[in-house]
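Source file: my_file.cif (mmCIF, C-alpha atoms and all ligand atoms)
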```cif
data_work
loop_
_atom_site.group_PDB
_atom_site.id
_atom_site.type_symbol
_atom_site.label_atom_id
_atom_site.label_comp_id
_atom_site.auth_asym_id
_atom_site.auth_seq_id
_atom_site.Cartn_x
_atom_site.Cartn_y
_atom_site.Cartn_z
ATOM 1 C CA MET A 22 11.600 -29.157 11.426
ATOM 2 C CA PRO A 23 8.626 -26.961 12.426
ATOM 3 C CA ASP A 24 6.439 -25.703 9.587
ATOM 4 C CA PRO A 25 7.570 -22.260 8.350
ATOM 5 C CA ARG A 26 5.326 -19.368 9.342
ATOM 6 C CA SER A 27 3.184 -18.192 6.425
ATOM 7 C CA VAL A 28 2.680 -14.611 5.279
ATOM 8 C CA LEU A 29 0.377 -13.395 2.512
ATOM 9 C CA ILE A 30 1.420 -10.232 0.649
ATOM 10 C CA THR A 31 -0.843 -8.476 -1.837
ATOM 11 C CA GLY A 32 0.640 -6.744 -4.889
ATOM 12 C CA SER A 33 3.895 -8.728 -4.920
ATOM 13 C CA SER A 34 4.675 -8.422 -8.630
ATOM 14 C CA LYS A 35 6.965 -5.435 -8.249
ATOM 15 C CA GLY A 36 8.107 -2.531 -6.089
ATOM 16 C CA ILE A 37 7.597 -2.717 -2.336
ATOM 17 C CA GLY A 38 5.526 -5.914 -2.464
ATOM 18 C CA ARG A 39 8.166 -7.804 -4.433
ATOM 19 C CA ALA A 40 10.995 -6.556 -2.198
ATOM 20 C CA THR A 41 8.960 -7.605 0.857
ATOM 21 C CA ALA A 42 8.259 -11.061 -0.572
ATOM 22 C CA LEU A 43 11.967 -11.654 -1.238
ATOM 23 C CA ARG A 44 13.000 -10.234 2.138
ATOM 24 C CA LEU A 45 10.534 -12.383 4.112
ATOM 25 C CA ASP A 46 11.493 -15.413 2.044
ATOM 26 C CA ARG A 47 15.144 -14.876 3.028
ATOM 27 C CA GLU A 48 14.053 -14.578 6.665
ATOM 28 C CA GLY A 49 12.565 -18.081 6.484
ATOM 29 C CA PHE A 50 8.853 -17.283 6.143
ATOM 30 C CA ARG A 51 6.683 -19.244 3.754
ATOM 31 C CA VAL A 52 5.681 -16.329 1.546
ATOM 32 C CA ILE A 53 2.396 -16.505 -0.321
ATOM 33 C CA ALA A 54 2.792 -13.794 -2.900
ATOM 34 C CA GLY A 55 -0.371 -12.255 -4.337
ATOM 35 C CA VAL A 56 0.064 -11.409 -8.021
ATOM 36 C CA ARG A 57 -2.320 -10.726 -10.876
ATOM 37 C CA ASN A 58 -0.810 -12.981 -13.519
ATOM 38 C CA GLU A 59 1.088 -16.272 -13.662
ATOM 39 C CA GLN A 60 4.228 -14.746 -15.236
ATOM 40 C CA ASP A 61 4.759 -12.368 -12.301
ATOM 41 C CA GLY A 62 4.424 -15.307 -9.929
ATOM 42 C CA GLN A 63 6.952 -17.358 -11.894
ATOM 43 C CA SER A 64 9.414 -14.470 -12.070
ATOM 44 C CA LEU A 65 9.241 -14.075 -8.280
ATOM 45 C CA GLN A 66 9.594 -17.810 -7.709
ATOM 46 C CA ARG A 67 12.782 -17.873 -9.808
ATOM 47 C CA GLN A 68 14.417 -15.427 -7.369
ATOM 48 C CA ALA A 69 13.175 -17.029 -4.163
ATOM 49 C CA SER A 70 13.442 -20.282 -2.234
ATOM 50 C CA ASP A 71 11.100 -23.137 -3.023
ATOM 51 C CA ARG A 72 9.036 -22.176 0.025
ATOM 52 C CA LEU A 73 7.595 -19.180 -1.851
ATOM 53 C CA ARG A 74 4.224 -19.736 -3.521
ATOM 54 C CA SER A 75 2.360 -17.289 -5.649
ATOM 55 C CA VAL A 76 -1.386 -16.943 -5.739
ATOM 56 C CA LEU A 77 -3.552 -15.034 -8.195
ATOM 57 C CA LEU A 78 -5.181 -12.233 -6.253
ATOM 58 C CA ASP A 79 -6.904 -9.118 -7.544
ATOM 59 C CA VAL A 80 -7.937 -7.238 -4.402
ATOM 60 C CA ALA A 81 -10.714 -5.395 -6.240
ATOM 61 C CA ASP A 82 -12.416 -8.614 -7.351
ATOM 62 C CA ALA A 83 -14.483 -10.546 -4.779
ATOM 63 C CA GLU A 84 -14.325 -13.757 -6.788
ATOM 64 C CA SER A 85 -10.544 -13.534 -7.062
ATOM 65 C CA ILE A 86 -10.273 -13.083 -3.272
ATOM 66 C CA GLU A 87 -12.495 -16.126 -2.745
ATOM 67 C CA LYS A 88 -10.360 -18.241 -5.102
ATOM 68 C CA ALA A 89 -7.154 -17.024 -3.477
ATOM 69 C CA LEU A 90 -8.524 -18.003 -0.067
ATOM 70 C CA ARG A 91 -9.174 -21.520 -1.323
ATOM 71 C CA ALA A 92 -5.684 -21.689 -2.839
ATOM 72 C CA VAL A 93 -4.059 -20.516 0.400
ATOM 73 C CA ARG A 94 -6.113 -22.964 2.473
ATOM 74 C CA ALA A 95 -4.718 -25.745 0.311
ATOM 75 C CA VAL A 96 -1.263 -24.771 1.620
ATOM 76 C CA THR A 97 -1.991 -23.675 5.184
ATOM 77 C CA ASN A 98 -4.798 -22.865 7.611
ATOM 78 C CA GLU A 99 -2.676 -20.416 9.575
ATOM 79 C CA LEU A 100 -1.244 -17.045 8.679
ATOM 80 C CA ALA A 101 1.440 -15.344 10.746
ATOM 81 C CA GLY A 102 0.932 -12.190 8.726
ATOM 82 C CA LEU A 103 -1.066 -10.385 6.085
ATOM 83 C CA VAL A 104 0.581 -7.473 4.289
ATOM 84 C CA ASN A 105 -1.963 -5.285 2.501
ATOM 85 C CA ASN A 106 0.417 -3.669 0.061
ATOM 86 C CA ALA A 107 -1.424 -3.543 -3.301
ATOM 87 C CA GLY A 108 -2.117 0.028 -4.287
ATOM 88 C CA ILE A 109 -2.436 2.547 -7.083
ATOM 89 C CA VAL A 110 -2.218 6.342 -7.244
ATOM 90 C CA VAL A 111 -4.965 8.431 -8.781
ATOM 91 C CA ALA A 112 -3.704 12.005 -9.037
ATOM 92 C CA GLY A 113 -5.137 15.263 -10.303
ATOM 93 C CA PRO A 114 -7.389 18.099 -9.131
ATOM 94 C CA LEU A 115 -10.290 16.929 -6.946
ATOM 95 C CA GLU A 116 -12.564 19.167 -8.995
ATOM 96 C CA ALA A 117 -11.662 17.470 -12.255
ATOM 97 C CA VAL A 118 -10.600 13.817 -11.849
ATOM 98 C CA PRO A 119 -13.443 11.622 -13.191
ATOM 99 C CA MET A 120 -15.563 10.212 -10.342
ATOM 100 C CA ASP A 121 -15.218 6.634 -11.608
ATOM 101 C CA GLU A 122 -11.448 6.973 -11.178
ATOM 102 C CA ILE A 123 -11.831 8.211 -7.597
ATOM 103 C CA ARG A 124 -14.079 5.211 -6.901
ATOM 104 C CA HIS A 125 -11.490 2.934 -8.490
ATOM 105 C CA GLN A 126 -8.833 4.427 -6.213
ATOM 106 C CA PHE A 127 -10.921 3.460 -3.180
ATOM 107 C CA GLU A 128 -11.849 0.079 -4.659
ATOM 108 C CA ILE A 129 -8.201 -0.982 -4.595
ATOM 109 C CA ASN A 130 -6.521 0.926 -1.756
ATOM 110 C CA VAL A 131 -9.394 0.831 0.743
ATOM 111 C CA PHE A 132 -12.160 -1.678 -0.012
ATOM 112 C CA GLY A 133 -9.629 -4.123 -1.476
ATOM 113 C CA ALA A 134 -7.494 -4.077 1.664
ATOM 114 C CA LEU A 135 -10.566 -4.494 3.887
ATOM 115 C CA ALA A 136 -12.054 -7.279 1.776
ATOM 116 C CA VAL A 137 -8.785 -9.234 1.805
ATOM 117 C CA THR A 138 -8.443 -8.706 5.565
ATOM 118 C CA ARG A 139 -11.987 -9.934 6.210
ATOM 119 C CA ALA A 140 -11.475 -12.997 4.023
ATOM 120 C CA PHE A 141 -8.193 -14.023 5.667
ATOM 121 C CA LEU A 142 -9.039 -13.181 9.289
ATOM 122 C CA PRO A 143 -9.943 -16.783 10.160
ATOM 123 C CA LEU A 144 -6.424 -17.840 9.126
ATOM 124 C CA LEU A 145 -4.882 -14.929 11.032
ATOM 125 C CA ARG A 146 -6.848 -15.910 14.159
ATOM 126 C CA GLN A 147 -5.672 -19.471 13.780
ATOM 127 C CA GLY A 148 -2.054 -18.395 13.384
ATOM 128 C CA ALA A 149 -2.066 -15.572 15.981
ATOM 129 C CA GLY A 150 -1.061 -13.443 13.011
ATOM 130 C CA ARG A 151 -0.460 -9.764 12.414
ATOM 131 C CA ILE A 152 -1.802 -7.316 9.857
ATOM 132 C CA VAL A 153 0.493 -4.794 8.208
ATOM 133 C CA ASN A 154 -1.152 -2.142 6.063
ATOM 134 C CA VAL A 155 1.020 -0.195 3.648
ATOM 135 C CA SER A 156 -0.240 3.357 3.824
ATOM 136 C CA SER A 157 1.892 6.409 2.954
ATOM 137 C CA VAL A 158 3.046 9.738 4.280
ATOM 138 C CA ASN A 159 0.027 10.827 2.222
ATOM 139 C CA GLY A 160 -2.053 9.081 4.869
ATOM 140 C CA ARG A 161 -0.871 11.789 7.249
ATOM 141 C CA ILE A 162 -0.699 14.871 5.116
ATOM 142 C CA VAL A 163 -2.553 15.982 2.009
ATOM 143 C CA THR A 164 -0.656 17.786 -0.711
ATOM 144 C CA PRO A 165 -2.365 19.432 -3.682
ATOM 145 C CA PHE A 166 -3.354 17.265 -6.659
ATOM 146 C CA VAL A 167 -2.954 13.901 -4.967
ATOM 147 C CA GLY A 168 -6.297 14.241 -3.159
ATOM 148 C CA PRO A 169 -7.836 10.925 -4.316
ATOM 149 C CA TYR A 170 -4.740 8.989 -3.242
ATOM 150 C CA SER A 171 -4.460 10.833 0.082
ATOM 151 C CA ALA A 172 -8.148 10.301 0.797
ATOM 152 C CA SER A 173 -7.695 6.562 0.209
ATOM 153 C CA LYS A 174 -4.684 6.376 2.518
ATOM 154 C CA PHE A 175 -6.441 8.409 5.245
ATOM 155 C CA ALA A 176 -9.297 5.902 4.964
ATOM 156 C CA LEU A 177 -6.827 3.006 5.206
ATOM 157 C CA GLU A 178 -5.378 4.612 8.347
ATOM 158 C CA ALA A 179 -8.879 4.799 9.859
ATOM 159 C CA LEU A 180 -9.611 1.178 8.936
ATOM 160 C CA SER A 181 -6.317 0.173 10.521
ATOM 161 C CA ASP A 182 -7.171 1.981 13.778
ATOM 162 C CA GLY A 183 -10.630 0.408 13.809
ATOM 163 C CA LEU A 184 -9.286 -3.089 13.149
ATOM 164 C CA ARG A 185 -6.541 -2.667 15.750
ATOM 165 C CA LEU A 186 -9.102 -1.799 18.410
ATOM 166 C CA GLU A 187 -11.637 -4.425 17.371
ATOM 167 C CA LEU A 188 -9.141 -7.271 17.023
ATOM 168 C CA ARG A 189 -7.520 -6.725 20.434
ATOM 169 C CA PRO A 190 -9.442 -9.611 22.021
ATOM 170 C CA TRP A 191 -7.657 -11.975 19.618
ATOM 171 C CA SER A 192 -4.246 -10.275 20.025
ATOM 172 C CA ILE A 193 -4.067 -9.602 16.292
ATOM 173 C CA SER A 194 -1.862 -6.550 15.996
ATOM 174 C CA VAL A 195 -2.343 -4.058 13.187
ATOM 175 C CA SER A 196 0.565 -1.895 12.064
ATOM 176 C CA VAL A 197 0.584 0.850 9.475
ATOM 177 C CA ILE A 198 3.630 1.584 7.333
ATOM 178 C CA GLN A 199 3.970 5.173 6.139
ATOM 179 C CA PRO A 200 6.695 5.347 3.500
ATOM 180 C CA GLY A 201 7.846 8.537 1.879
ATOM 181 C CA ALA A 202 8.943 8.561 -1.752
ATOM 182 C CA THR A 203 10.135 5.085 -2.730
ATOM 183 C CA LEU A 204 11.636 3.971 -6.040
ATOM 184 C CA SER A 205 9.071 1.943 -7.954
ATOM 185 C CA SER A 206 7.087 2.035 -11.150
ATOM 186 C CA ILE A 207 4.164 3.637 -9.292
ATOM 187 C CA TRP A 208 5.591 7.032 -10.307
ATOM 188 C CA SER A 209 5.341 6.343 -14.030
ATOM 189 C CA THR A 210 2.073 4.401 -13.915
ATOM 190 C CA SER A 211 0.411 7.141 -11.849
ATOM 191 C CA THR A 212 1.651 9.789 -14.289
ATOM 192 C CA ASP A 213 0.269 7.833 -17.246
ATOM 193 C CA ARG A 214 -3.030 7.456 -15.400
ATOM 194 C CA ALA A 215 -3.141 11.159 -14.468
ATOM 195 C CA LEU A 216 -2.539 12.196 -18.074
ATOM 196 C CA ALA A 217 -5.136 9.745 -19.394
ATOM 197 C CA ASN A 218 -7.613 11.148 -16.867
ATOM 198 C CA ALA A 219 -6.722 14.717 -17.853
ATOM 199 C CA ALA A 220 -7.832 13.894 -21.388
ATOM 200 C CA ARG A 221 -11.296 13.279 -19.893
ATOM 201 C CA TYR A 222 -11.582 16.638 -18.022
ATOM 202 C CA ASP A 223 -14.378 18.885 -19.260
ATOM 203 C CA GLU A 224 -13.479 22.013 -21.182
ATOM 204 C CA ALA A 225 -13.528 24.376 -18.203
ATOM 205 C CA ALA A 226 -11.355 22.070 -16.087
ATOM 206 C CA THR A 227 -8.943 21.568 -18.968
ATOM 207 C CA GLU A 228 -8.481 25.312 -19.164
ATOM 208 C CA ARG A 229 -8.339 25.848 -15.390
ATOM 209 C CA TYR A 230 -5.885 23.066 -14.634
ATOM 210 C CA GLY A 231 -3.817 23.082 -17.828
ATOM 211 C CA GLY A 232 -0.774 24.268 -15.848
ATOM 212 C CA VAL A 233 -1.083 21.402 -13.360
ATOM 213 C CA VAL A 234 -1.341 18.837 -16.142
ATOM 214 C CA ALA A 235 1.654 20.387 -17.916
ATOM 215 C CA ALA A 236 3.661 20.153 -14.665
ATOM 216 C CA ILE A 237 2.733 16.480 -14.251
ATOM 217 C CA GLU A 238 3.811 15.888 -17.845
ATOM 218 C CA ARG A 239 7.090 17.768 -17.327
ATOM 219 C CA LYS A 240 8.024 15.611 -14.343
ATOM 220 C CA GLY A 241 7.626 12.616 -16.635
ATOM 221 C CA GLY A 242 6.864 10.111 -13.891
ATOM 222 C CA GLN A 243 10.298 10.371 -12.311
ATOM 223 C CA ALA A 244 10.618 9.491 -8.618
ATOM 224 C CA PRO A 245 12.297 12.245 -6.573
ATOM 225 C CA LYS A 246 16.099 12.006 -6.430
ATOM 226 C CA ARG A 247 16.115 11.124 -2.745
ATOM 227 C CA ALA A 248 13.529 8.354 -3.032
ATOM 228 C CA ASN A 249 14.369 5.278 -0.955
ATOM 229 C CA PRO A 250 14.803 1.811 -2.449
ATOM 230 C CA PRO A 251 11.801 -0.486 -1.864
ATOM 231 C CA GLU A 252 14.075 -2.780 0.193
ATOM 232 C CA LYS A 253 14.124 -0.117 2.907
ATOM 233 C CA VAL A 254 10.335 -0.316 3.228
ATOM 234 C CA ALA A 255 10.510 -4.124 3.089
ATOM 235 C CA GLU A 256 12.912 -4.080 6.041
ATOM 236 C CA VAL A 257 10.416 -2.075 8.101
ATOM 237 C CA ILE A 258 7.523 -4.354 7.103
ATOM 238 C CA ALA A 259 9.620 -7.326 8.252
ATOM 239 C CA ARG A 260 10.214 -5.531 11.550
ATOM 240 C CA ALA A 261 6.477 -4.937 12.024
ATOM 241 C CA LEU A 262 5.894 -8.667 11.486
ATOM 242 C CA THR A 263 8.631 -9.906 13.781
ATOM 243 C CA ALA A 264 9.151 -7.321 16.564
ATOM 244 C CA ARG A 265 8.146 -8.541 20.000
ATOM 245 C CA TRP A 266 6.109 -5.361 20.469
ATOM 246 C CA PRO A 267 5.101 -4.127 17.014
ATOM 247 C CA ARG A 268 4.464 -0.409 16.725
ATOM 248 C CA THR A 269 1.113 0.854 15.489
ATOM 249 C CA ARG A 270 2.803 3.132 12.933
ATOM 250 C CA TYR A 271 6.163 3.113 11.210
ATOM 251 C CA ILE A 272 7.357 6.136 9.256
ATOM 252 C CA VAL A 273 9.907 5.278 6.558
ATOM 253 C CA GLY A 274 12.266 7.892 5.129
ATOM 254 C CA ARG A 275 13.381 11.422 5.916
ATOM 255 C CA ASP A 276 10.739 13.033 3.690
ATOM 256 C CA ALA A 277 8.029 11.045 5.473
ATOM 257 C CA ARG A 278 9.346 12.184 8.866
ATOM 258 C CA LEU A 279 9.292 15.804 7.675
ATOM 259 C CA GLY A 280 5.773 15.245 6.331
ATOM 260 C CA ALA A 281 4.686 13.915 9.713
ATOM 261 C CA ILE A 282 6.064 17.018 11.444
ATOM 262 C CA LEU A 283 4.342 19.261 8.909
ATOM 263 C CA ALA A 284 1.085 17.366 9.432
ATOM 264 C CA SER A 285 1.160 18.212 13.133
ATOM 265 C CA LEU A 286 1.284 21.982 12.489
ATOM 266 C CA PRO A 287 -1.801 24.236 12.532
ATOM 267 C CA ASP A 288 -3.760 24.001 9.259
ATOM 268 C CA ARG A 289 -3.274 27.597 8.080
ATOM 269 C CA PHE A 290 0.464 27.461 8.644
ATOM 270 C CA LYS A 291 0.670 24.075 6.939
ATOM 271 C CA ASP A 292 -1.291 25.454 3.960
ATOM 272 C CA TRP A 293 1.115 28.382 3.726
ATOM 273 C CA VAL A 294 4.149 26.074 3.703
ATOM 274 C CA LEU A 295 2.580 23.766 1.092
ATOM 275 C CA ALA A 296 1.473 26.659 -1.101
ATOM 276 C CA ARG A 297 5.062 27.966 -1.175
ATOM 277 C CA ARG A 298 6.237 24.582 -2.458
HETATM 278 N N1 LIG B 301 6.464 4.112 -4.232
HETATM 279 C C1 LIG B 301 6.192 5.056 -3.347
HETATM 280 O O1 LIG B 301 6.770 6.175 -3.386
HETATM 281 C C2 LIG B 301 5.218 4.775 -2.233
HETATM 282 C C3 LIG B 301 5.210 5.673 -1.135
HETATM 283 C C4 LIG B 301 4.303 5.446 -0.106
HETATM 284 C C5 LIG B 301 3.445 4.374 -0.157
HETATM 285 N N2 LIG B 301 3.466 3.523 -1.231
HETATM 286 C C6 LIG B 301 2.510 2.407 -1.223
HETATM 287 O O2 LIG B 301 3.206 1.185 -1.351
HETATM 288 C C7 LIG B 301 2.366 0.211 -1.970
HETATM 289 C C8 LIG B 301 3.134 -0.455 -3.099
HETATM 290 O O3 LIG B 301 3.463 0.541 -4.047
HETATM 291 P P1 LIG B 301 4.740 0.439 -5.016
HETATM 292 O O4 LIG B 301 5.425 1.745 -4.959
HETATM 293 O O5 LIG B 301 5.493 -0.785 -4.765
HETATM 294 O O6 LIG B 301 3.955 0.408 -6.415
HETATM 295 P P2 LIG B 301 4.077 -0.559 -7.696
HETATM 296 O O7 LIG B 301 5.500 -0.882 -7.965
HETATM 297 O O8 LIG B 301 3.264 0.100 -8.739
HETATM 298 O O9 LIG B 301 3.346 -1.889 -7.192
HETATM 299 C C9 LIG B 301 1.977 -1.891 -6.937
HETATM 300 C C10 LIG B 301 1.542 -3.313 -6.731
HETATM 301 O O10 LIG B 301 0.116 -3.314 -6.488
HETATM 302 C C11 LIG B 301 -0.451 -4.248 -7.386
HETATM 303 N N3 LIG B 301 -1.853 -3.957 -7.675
HETATM 304 C C12 LIG B 301 -2.407 -2.898 -8.306
HETATM 305 N N4 LIG B 301 -3.732 -3.058 -8.410
HETATM 306 C C13 LIG B 301 -4.023 -4.256 -7.848
HETATM 307 C C14 LIG B 301 -5.201 -4.996 -7.652
HETATM 308 N N5 LIG B 301 -6.400 -4.555 -8.089
HETATM 309 N N6 LIG B 301 -5.137 -6.193 -7.020
HETATM 310 C C15 LIG B 301 -3.938 -6.673 -6.598
HETATM 311 N N7 LIG B 301 -2.785 -6.044 -6.775
HETATM 312 C C16 LIG B 301 -2.828 -4.846 -7.385
HETATM 313 C C17 LIG B 301 0.404 -4.194 -8.632
HETATM 314 O O11 LIG B 301 0.164 -5.359 -9.406
HETATM 315 P P3 LIG B 301 0.311 -5.337 -11.034
HETATM 316 O O12 LIG B 301 1.774 -5.423 -11.324
HETATM 317 O O13 LIG B 301 -0.447 -6.540 -11.458
HETATM 318 O O14 LIG B 301 -0.299 -4.048 -11.506
HETATM 319 C C18 LIG B 301 1.780 -4.172 -7.979
HETATM 320 O O15 LIG B 301 2.151 -5.463 -7.581
HETATM 321 C C19 LIG B 301 1.114 0.956 -2.425
HETATM 322 O O16 LIG B 301 0.068 0.734 -1.506
HETATM 323 C C20 LIG B 301 1.546 2.417 -2.400
HETATM 324 O O17 LIG B 301 0.469 3.286 -2.180
HETATM 325 C C21 LIG B 301 4.340 3.696 -2.269
#
```
Please express what this file holds, its structure, as structure tokens.
Amino acid sequence: MPDPRSVLITGSSKGIGRATALRLDREGFRVIAGVRNEQDGQSLQRQASDRLRSVLLDVADAESIEKALRAVRAVTNELAGLVNNAGIVVAGPLEAVPMDEIRHQFEINVFGALAVTRAFLPLLRQGAGRIVNVSSVNGRIVTPFVGPYSASKFALEALSDGLRLELRPWSISVSVIQPGATLSSIWSTSTDRALANAARYDEAATERYGGVVAAIERKGGQAPKRANPPEKVAEVIARALTARWPRTRYIVGRDARLGAILASLPDRFKDWVLARR
């Protein structure tokens, strides 16, 4: 039997990353699932075939990336795919969110994805592999009070375009996934984070943006009713990894398609539509 093709996925403990790990495992890949603690790895392994391995990988920690590279090399020297999925949401007014939190947003969603890509490129070259970056509809359109997150996803989109162009000589394709609202715990964790950050706003910002914070609190970290299951995004990621001609961008979900249309409209009109929402 030929060796299974290996794929590394970051942020596999839950949500889209977990669904993708299980989906690719079922499709016969050897999944190397990046997680941040042993228990999450074990829980994933219990649901998957014995091909699936987990590896400790914190994308914001250079030493962790280095260790993960060594651990992956012990299993394989070739990757058929790298899915940069790990991500967090930092939400709140751009005027008020603490700067260290905005940096942290970029540390994970942008620099983390690039650092992991750079580290694993030799294995991707060896395996004629593909890169799939999980962006968001927020990488196409900015809505109020998710500026830090949107900025990070716009940056990830730019990195993806740059990598796609620069890696052409090695036929390493780079695809971007742009999901709309998807059911996962990111909604509650980002709400908790937004409220914790709001407690650090200065007095003027607390007064100015009290209504925004109250609205975030009222929503209580619930995903929108029409949010898609993470398996739907996993299916598209699998397509990007296996299609004969992978697309450069995949939009997932009706809300994301509407967002993409809105993004193409003139700025002032777009602002008017968003302000009415
Ligand atoms: N859910 C949505 O509506 C939606 C929509 C569009 C795009 N996305 C994108 O989809 C991706 C996955 O999100 P999700 O909804 O599945 O969220 P999630 O359920 O919160 O999962 C996020 C994953 O990222 C991991 N992670 C966080 N910080 C990390 C770090 N420093 N190093 C390594 N892993 C880290 C988490 O690990 P721990 O469990 O250890 O924290 C977890 O495995 C993100 O890039 C997100 O921006 C989500």
>> Selection in question (the file shown): the PyMOL selection byres (((chain A and resi 63-75) around 7) and not hetatm). Which residues does it include, as a PyMOL selection string?
In response: chain A and resi 43+46+51-56+59-62+76-77
Tell me which protein, DNA and RNA residues are within 7 Å of range 102-108 of chain A, counting only C-alpha atoms, leaving out same-chain ones fewer than 2 positions away, and put them as a short mmCIF file (atom, residue, chain, number, x, y, z; two decimals) with C-alpha atoms, keeping the file's coordinate frame.
```
data_model
loop_
_atom_site.label_atom_id
_atom_site.label_comp_id
_atom_site.auth_asym_id
_atom_site.auth_seq_id
_atom_site.Cartn_x
_atom_site.Cartn_y
_atom_site.Cartn_z
CA SER A 27 3.18 -18.19 6.42
CA VAL A 28 2.68 -14.61 5.28
CA LEU A 29 0.38 -13.40 2.51
CA ILE A 30 1.42 -10.23 0.65
CA THR A 31 -0.84 -8.48 -1.84
CA GLY A 32 0.64 -6.74 -4.89
CA GLY A 38 5.53 -5.91 -2.46
CA LEU A 100 -1.24 -17.05 8.68
CA VAL A 110 -2.22 6.34 -7.24
CA ILE A 129 -8.20 -0.98 -4.60
CA ASN A 130 -6.52 0.93 -1.76
CA ALA A 134 -7.49 -4.08 1.66
CA LEU A 145 -4.88 -14.93 11.03
CA GLY A 150 -1.06 -13.44 13.01
CA ARG A 151 -0.46 -9.76 12.41
CA ILE A 152 -1.80 -7.32 9.86
CA VAL A 153 0.49 -4.79 8.21
CA ASN A 154 -1.15 -2.14 6.06
CA VAL A 155 1.02 -0.20 3.65
CA LEU A 262 5.89 -8.67 11.49
#
```
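Note that atom O11 of ligand LIG 301 (chain B) and CA of Glu256 in chain A are 20.1 Å apart.
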>> Since I can't run it myself right now, could you work out what the PyMOL selection byres (((chain A and resi 233) around 12) and not hetatm) selects here and report it as a PyMOL selection string?
In response: chain A and resi 112-114+117+165-167+212+215-216+219+226-232+234-240
>> Using all atoms listed in the file, can you tell me which of A:Ser209, A:Ile123, A:Pro143, A:Val131 comes closest to Gly168 in chain A?
In response: A:Ile123
> If you count all atoms listed in the file, which residues fall within 6 Å of range 197-207 of chain A, apart from same-chain ones fewer than 4 positions away, as a PyMOL selection string?
Replying inline: chain A and resi 36+153-158+211+248-251+270-274+276-277
>> Report, in Å to a single decimal, how far apart CA of Pro169 in chain A and atom C14 of ligand LIG 301 (chain B) are.
In response: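 So the answer is 16.5 Å.
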Please report, as lines of an AutoDock Vina configuration file, the centre and edge lengths in Å to one decimal of an axis-aligned box covering all listed atoms of range 67-82 of chain A with 6 Å per side.
```
center_x = 1.0
center_y = -14.3
center_z = -4.9
size_x = 38.8
size_y = 29.7
size_z = 21.8
```
>> From the options A:Ala259, A:Ile193, A:Leu78, A:Ala296, which residue's atoms come nearest to Glu48 in chain A, counting all atoms listed in the file?
In response: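 Closest to Glu48 in chain A, using all atoms listed in the file: A:Ala259.
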> Counting all atoms listed in the file, what is within 10 Å of Leu283 in chain A, bar same-chain residues fewer than 3 positions away, as JSON, numbers by chain?
Replying inline: {"A": [161, 162, 277, 278, 279, 280, 286, 287, 288, 290, 291, 292, 294, 295]}
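Taking all atoms listed in the file into account, ligand LIG 301 (chain B) lies nearest to A:Arg39 out of the set A:Arg247, A:Arg39, A:Arg124, A:Arg44.
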